[in-house]
Structure formats: structure tokens, C-alpha cells
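Just below is one structure, and these are the notes that go with it.
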Amino acid sequence: LIMGPAGRKTVDWSDSAAVRALNTALLVADYGVNPTYSDMLPPRALCPPVPGRADYVHHIADALQKALPDNGARDGVGAVPRGSAITGMDIGTGASCIYPIIASSVYGWRMIASDINSSSISSAGEIVAANGHGDLIDVRHQENSNRSIFDGVLRVGENIDFAMCNPPIYPSMEAYQAENARKVRGLSKKKHLNRKRGKVARNTQVGSPSNSTASSNNFGGTDCELWCDGGEIAFVKRIMTESERYRDRCLWFSSLVSRKDSLTTLESFVNSGQKNRNDGRSHGVQTVQRVSMGTGKKNSTILMWSFLDEGERRDWARMRNWG
């Protein structure tokens, strides 16, 4: 811990061990997660910032809620759908399996947790088992990662109510390293100033000894969690392109978008290529929504799209027996 500007102890955000301990504590306190959670994460795995991950899940719940009949509710919609009648897919769940853990803990939803990394799959499976969610979370290895997002993960005839994703942000390892170096310089400078002013709480530790800020990302992350060719734009475009083939098998597709300059590009892309059906109605994307999220100093956007119009989305909820 360090002393913050207000003279109170706060987390040393440059210390990856402290960040991991804090987020594990939040999961234990708010979601009943097994305290051994952080011990099951591989050393370099991405440490999920819990508040932002939980917000994404809650915004998905809001979108699903709007497809339910009002049942006399004043706001015109029913209660948030809960239980195993709802099935979601987390694309690239990572070693933490954070989205499925929160979704099943809070709402009781069934979740498909997919990833291309065998180490992440092993860790996610261990976390699911340790928390007794094996009946709700199905961890699946995507072995066809060069060809598909959904093929090889979704089974024949399997439908899902939503897909979610926190894509790799950076377009290359070099881009990630450059950005991480910039953050490290900022954190180190701030920490140095606090030490100079006597604001560092010495002899106070959280978790294991501090990792060097000169060589590590404070939230961690393996290569496939942090970067891919083309970065988040290319990755989300892959989801959008493939979603057209699964338009009748998923109610809401979505992805987190971290960079403002990516958002306009992706929103324009998902709105392009509209096709007309025989009845003259569009066979393409019917609805695109931006959902702004902000926790602390970090702002990001959930981009959601559906190939079903409002009436069709209500029909979907009825046929899927959300109840």
C-alpha cells in the first residue's frame, strides 16, 4: 500500500501482486468466489479488474431484460432474466474465466467459456471446479482459432442468447511493449514523487513482494490476452463477419472496445453490408447499441448488435422460455 494524495492508504497500482490481491478480495467479498482464486491464475495471466468486468455482465442483463414482456411493470419491461434458461458465450475467456464466474454467480446463467490457449483453458477449468460452477460453466478449447470464432465451439443446433468478448487491444507485441513502457514511466514517476513527499506507506505489504514495474504490466496478461495481428479492430471485425452466419442462433452479439478511434471504425463496419429479405425487410443488423462504461480513470464502450428487431427479440425470449 501507499499513501494517496488525500493522505489515506491506497493500493499501489504499479505492483501487480497488490492489484491481484485487491481484485481477488473483491471476488471473494462480492461474488462468493473461492479465496484460492488468485493462486490458480498462471503467473503471467491477465488479472481482471472486477468492477469493469461486472459492469459488462450487468449491461448484458439490461439488454436481455428489454426482450421480456412487461408483465404490468411501469417501465414496460419485465424483470432481469435469471437461471439456466439463459446461455451466454465468452469469447476468449482467459485464465481468469471472470465473465462466466460473475454471470453464473449473480444471475445463474449458463456460460460457454472459450479460449485458444490450453494453459488458460486448464486454469479456467480449475477455477470453475473450485467454485462449484461445473453445472453452469462449460469451458471449451477453440482449436480452430485461425479459421473461426464460433465454429468448433458452438455445437450443432446450439443457440446462445448473447456473446461477449474482451478482445486483445494491441496490434503487435511491440505496440504493447511501447504502451506498457509509457504506463510504467508514469507510475514510477508518481511513486517517486510520493516517496519524496513521504507519502509511501513503508513496511506495508499486500500479497506477495512487489514485482518490478520496469518489466511487467501491473494487470498482467499473456500474449494472446494482450495483442493479436490488427489489434482489437481486426479481432472484433472477425466476430462481426462471422456473426452474420450465426444471426439466427444468437440474440445479442457484443464486444468491449477500449479505444475511441476503434469505435467509429467498428460501428461503421457492423452497419455495412445490409441485405434485403424477400419481404423487403433488412436481413442484416437490425440494432446497434453503444454502452459507455467508466470505472476509475478508464473508459471503454460495449458495442452490441442484433440481427433481430424488437418484436423478434421478444419472440426469441418467449421461445427460449426465459420466463
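Quick note on naming: the chains in the C-alpha cells go A, B, ... in the order shown, residues restart at 1 in each chain, and ligands are numbered from 1 in order of appearance.
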Checklist entry - Can you list, as a ChimeraX atom specification, every residue of range 1-190 of chain A that DSSP puts in alpha helix (DSSP H)? => result /A:16-31,37-40,50-65,98-107,118-130,173-190
Item to check | Atomic separation - CA of Asp151 in chain A relative to CA of Ile239 in chain A, Å | outcome: 11.3 Å
Checklist entry - Any idea what's packed within 12 Å of Tyr246 in chain A, counting only C-alpha atoms, ignoring anything in its chain fewer than 2 positions away? Could you give it as a PyMOL selection string? => result chain A and resi 148-151+154-163+239-244+248-253+284-285+306-308
Next on the checklist: Which residues are close to Pro42 in chain A, i.e. within 9 Å by only C-alpha atoms, leaving aside same-chain residues fewer than 2 positions away? Reply as a PyMOL selection string.
Outcome noted: chain A and resi 38-40+44-46+95+119-120+123
Item to check | Long-range neighbours of Trp322 in chain A as a ChimeraX atom specification, 6 Å cut-off, only C-alpha atoms, 2 positions minimum in chain | outcome: /A:85,317,320
Item to check | Residues within 7 Å of Asp138 in chain A, only C-alpha atoms, excluding chain neighbours under 3 positions, as a PyMOL selection string | outcome: chain A and resi 111-113+134
Item to check | Ser122 in chain A environment, 12 Å, only C-alpha atoms, sequence neighbours closer than 4 positions dropped, as a PyMOL selection string | outcome: chain A and resi 40-42+93-97+113-118+126-129+139-141
Checklist entry - Any idea what the distance is between CA of Leu266 in chain A and CA of Asp229 in chain A? => result 16.0 Å
Next on the checklist: Please report the interatomic distance between CA of Gln142 in chain A and CA of Arg313 in chain A in Å with one decimal.
Outcome noted: 28.3 Å
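Taking only C-alpha atoms into account, Asp15 in chain A lies nearest to A:Cys47 out of the set A:Cys47, A:Thr265, A:Gln65, A:Asn34.
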Checklist entry - Got a sec to tell me which of range 41-175 of chain A DSSP assigns to strand (DSSP E), as a ChimeraX atom specification? => result /A:87-91,110-115,137-141,160-165
